[in-house]
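For reference, the structure is listed below as structure tokens.
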Amino acid sequence: MSIFSNLTAEQFETIGQELDAIRNREMADLGEKDANYIRTLIKRQRRLEVAGRGLLMAGFLPPAWLAGVACLSASKILDNMEIGHNVMHGQYDWMGDPAINSKVFDWDNTCTNTAWKQTHNFEHHTFTNVLDKDHDIGYGILRMSEDQEWEARFLFNPILAGILATFFQHFVAIQSLKLEDYLVYKTKTKEELKAEFKPTWKKMRKQLFKDYLLFPALAGPFAPFVFAGNVTANLARNLWSSQVIFNGHFPEEVEQFPESVIENETRGQWYVRQLLGSANFEGGRLMHVMSGNLSFQIEHHLFPDMPAHRYAKIAPEVRAICEKHGLPYNTGSFVKQSLSVWKRIFKLSLPSKTKGGSDKGPLDGLRAKVVSLTREPQSETRKAA
Amino acid sequence: MNAMTQTSSRFQQGLTRLLQSRVADILSYPHGVDRYLEVFNPLWSVKEVRAKVEAVRYLTNDSVTLTLRPNHNWEGFVPGQFVQLSVTIDGKRQTRCYSPANSLHRADGCIELTAKVHANGFVSRHLREQLSVGDVVLLSQADGEFALPEERPEQVLLISGGSGITPVMSMLRTLCDEGFSGPITFLHYANSAADMIYASELDEIARTHDNVTLVRCFNDEGEQGELSGLFSREHLYIAAPEFAQATTFLCGPPPMMAAVEKVWEEDGLAERLHKEQFTLAAPQIESDSAEGEVRFVQSEKMAINNGATLLEQAESAGLTPESGCRMGICHACTCRKTAGDVRDIRTGEISSGEEDIQICVSVPVGTVTLDI
């Protein structure tokens with residue numbers, strides 16, 4: 001909270017205006033370039049998928065199996081990250097094409113469009129890194145913050161993180177169920193859980209049936225090769241996407257915030273919280289595309305509905321604004337950020353040495369429900385804590 | 001049909017059935033078969049009507065005539081009906097309605113659409129200036145009540161103005177192709193002879209068909225038409241004295257249509273008049289009746305009601321609601337009104353309470369709350 005409290009109301013206001021200016025300029029420029037970008041990418045992804053599934057049919061030949069897995073993994077990663085995640089943010093809604101619209105788009109993943117938009121677009125993006133509000137902090141099973149009270153189960157933090165990454169698509173799919181409310185805190189009944197799980201289970205079934213029964217069955221006697229190929233491709237996508245997402249919010253210096261921060265938060269303060277609560281990683285064009293441009297997590301959190309391929313262009317400007325106002329701009333290599341994340345996971349598996357991490361004691365409102373979003377931009381600022 | 005084409009058509013049928021099957025649906029889940037087919041050929045689809053531009057002609061200085069070859073999903077049309085044509089302009093899909101002008105019996109299976117380019121006609125200008133042979137456009141199936149009846153009338157009067165000529169042109173061409181022998185009067189209004197779409201073809205039809213009477217009426221002075229000026233009862237007496245016996249099909253700009261409708265109503269013939277309004281009359285913006293505000297709940301935005309349609313007000317408030325034809329046909333813009341009264345600009349009807357409305361043809365009456 002240190003940097004956050006050092007800024008004056010005027011500074012928040014200025015930062016907000018400067019970032020709004022970038023946003024307005026880019027959004028006014030949306031057009032053919034963006035449409036061509038996403039259409040070309042979708043075309044490549046569909047071709048990769050067809051090629052991958054085709055090659056796996058000849059999966060008894062080791063080179064075909066390897067090539068098939070590579071194509072299908074790349075296809076699933078593109079489908080989920082640069083296409084699915086970004087389309088469902090509404091980045092391309094302005095195109096008026098129902099096939100590329102956040103209302104109807106669905107991805108090659110077990111999480112439903114509706115659940116994703118609730119937990120990710122709304123909860124995670126609005127309450128980024130606010131404890132008890134942003135379920136992405138540990139997904140209900142990990143301890144990812146000093147301010148999260150230590151419980152014995154967190155001794156398994158690293159193991160649980162590994163399991164989370166391995167089955168990432170399923171954890172994301174059931175994230176909206178807030179399973180810990182049923183299993184650990186007993187605030188949710190079995191019936192409630194069942195009803196909530198219904199649409200997700202419908203989607204899971206279809207995905208699993210397609211990848212693990214139908215496509216293998218089409219290969220006849222070579223079904224095991226297709227099955228193994230699909231397992232590997234799903235695993236590759238799970239491991240990659242979970243690491244990309246963890247790198248966006250959990251490197252060690254990334255800040256987390258107590259719930260009090262969102263009371264009467266101004267637009268400028270919201271922007272600064274997004275800046276402090278996110279981290280980028282560096283890489284070439286391929287790295288950016290394969291991570292859905294979440295390598296520009298900071299820019300993405302500032303402007304979640306801006307076509308993501310524009311982040312690379314505006315990143316230097318965002319960084320300059322940070323430098324001007326003395327704000328950190330957290331970035332590093334993919335490896336550096338990943339190591340930092342895992343260091344945090346291991347460290348937090350043990351009880352914290354100091355009592356509480358910041359201005360607020362251990363939080364007990366772990367079961368607090370998300371309140372309805374009634375934030376009206378207000379010009380008066382909160383007294384810095 | 002020889003053996004080879006028979007085999008290939010059977011193969012195509014089998015393939016289509018396979019692609020429409022449940023298995024194909026699951027294999028392509030969640031995107032659907034079309035999303036894969038289009039990657040390989042933009043015309044391939046199991047559901048959508050897409051058409052290839054076969055020819056682009058410019059019959060007048062401010063129009064464009066497209067010959068389109070639709071894919072096999074096209075189910076045909078009835079002369080008089082319209083289709084929705086979608087094109088992508090600067091990355092954004094734009095949809096407009098056009099009536100095919102071709103004969104139902106056109107041999108090559110193509111459809112012909114003619115658009116008049118208006119001064120601020122964003123889409124029509126694109127069609128004239130950017131569209132070229134080989135491009136692929138998206139179509140809807142044909143729709144509309146305005147249509148030549150299955151049982152052909154004995155006597156036909158076709159009245160059109162400007163680009164409203166297209167649906168009645170389709171009727172005329174169809175009837176001529178069928179060897180229709182009853183009297184047909186084609187009464188058309190245009191600003192000038194140079195502006196008249198299909199002028200030479202109409203000349204030719206009138207010359208070669210004894211039962212077709214062509215009456216051209218130009219607004220500009222000094223033009224060589226059979227008549228001049230705006231529609232009047234006198235015009236009708238000269239052009240089609242037996243209009244009371246005819247089945248009449250009317251399509252043109254709103255003021256002209258109103259003048260024609262008035263005559264038919266006065267003579268108690270309203271049920272013999274079939275009409276197609278191809279452009280919406282701009283809503284009468286009365287500043288004193290425009291009051292209250294428009295609230296867009298989901299976007300947390302608000303605008304002072306300025307009397308324009310809700311779609312226009314949403315757009316000027318910076319929202320990008322889905323929209324299509326902008327004339328109340330395609331229902332792309334339908335959204336939930338949670339409170340307030342709106343007037344339908346087509347009918348003048350006022351509706352209130354929570355309901356789904358087409359925001360492109362709805363004008364708020366007082367404060368309105370929309371769930372967008």
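Ordering of the structure tokens sets the chain letters (A, B, ...), residue numbers begin anew at 1 in every chain, and ligands are numbered from 1 in the order given.
If you count only C-alpha atoms and ignore residues fewer than 3 places along the chain from Pro224 (chain A), what sits within 12 Å of it is Leu56, Met57, Ala58, Gly59, Phe60, Trp65, Asp211, Tyr212, Leu213, Leu214, Phe215, Pro216, Ala217, Leu218, Ala219, Gly220, Pro221, Phe227, Ala228, Gly229, Asn230 and Val231 of chain A.
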Residues of chain A within 10 Å of chain B, counting only C-alpha atoms - could you list those as an MDAnalysis selection string? chainID A and resid 30:36 39:40 42:47 49:50 92:99 101 105:109 203 206:207 209:211 214:215 374:376
Give me, as a PyMOL selection string, all polymer residues having an atom no more than 10 Å from Thr14 (chain A), counting only C-alpha atoms and skipping those fewer than 4 positions away in the same chain. chain A and resi 8-10+18-20+268+321+325
Test item: residues at most 9 Å from region 342-352 of chain A, only C-alpha atoms, excluding those fewer than 4 positions along its chain, as an MDAnalysis selection string: chainID A and resid 142:147 149:158 161 250:252 337:338 356:357
With only C-alpha atoms as the counted atoms, please give the residues lying no more than 7 Å from region 234-243 of chain B, apart from itself and same-chain residues fewer than 5 positions off, as a PyMOL selection string. chain B and resi 157+185+215
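One finds CA of Thr128 (chain A) at 13.3 Å from CA of Glu299 (chain A).
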Compile the contact shell of Phe82 (chain B) as a ChimeraX atom specification: residues with an atom at most 6 Å away, counting only C-alpha atoms, same-chain residues fewer than 3 positions apart removed. /B:98-99,142-143
Atom-to-atom span, CA of Ile298 (chain A) and CA of Glu317 (chain A), Å: 12.0 Å
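Those residues that approach Thr110 (chain A) to within 9 Å, counting only C-alpha atoms, are Gln169, His170, Val172, Ala173, Ile174, Thr200, Trp201, Lys203, Met204, Arg205, Lys206, Gln207 and Leu208 of chain A; same-chain residues fewer than 4 positions away are not listed.
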Every residue of region 302-351 of chain B that DSSP places in strand (DSSP E or B), as a PyMOL selection string: chain B and resi 302-304+334-344+350-351
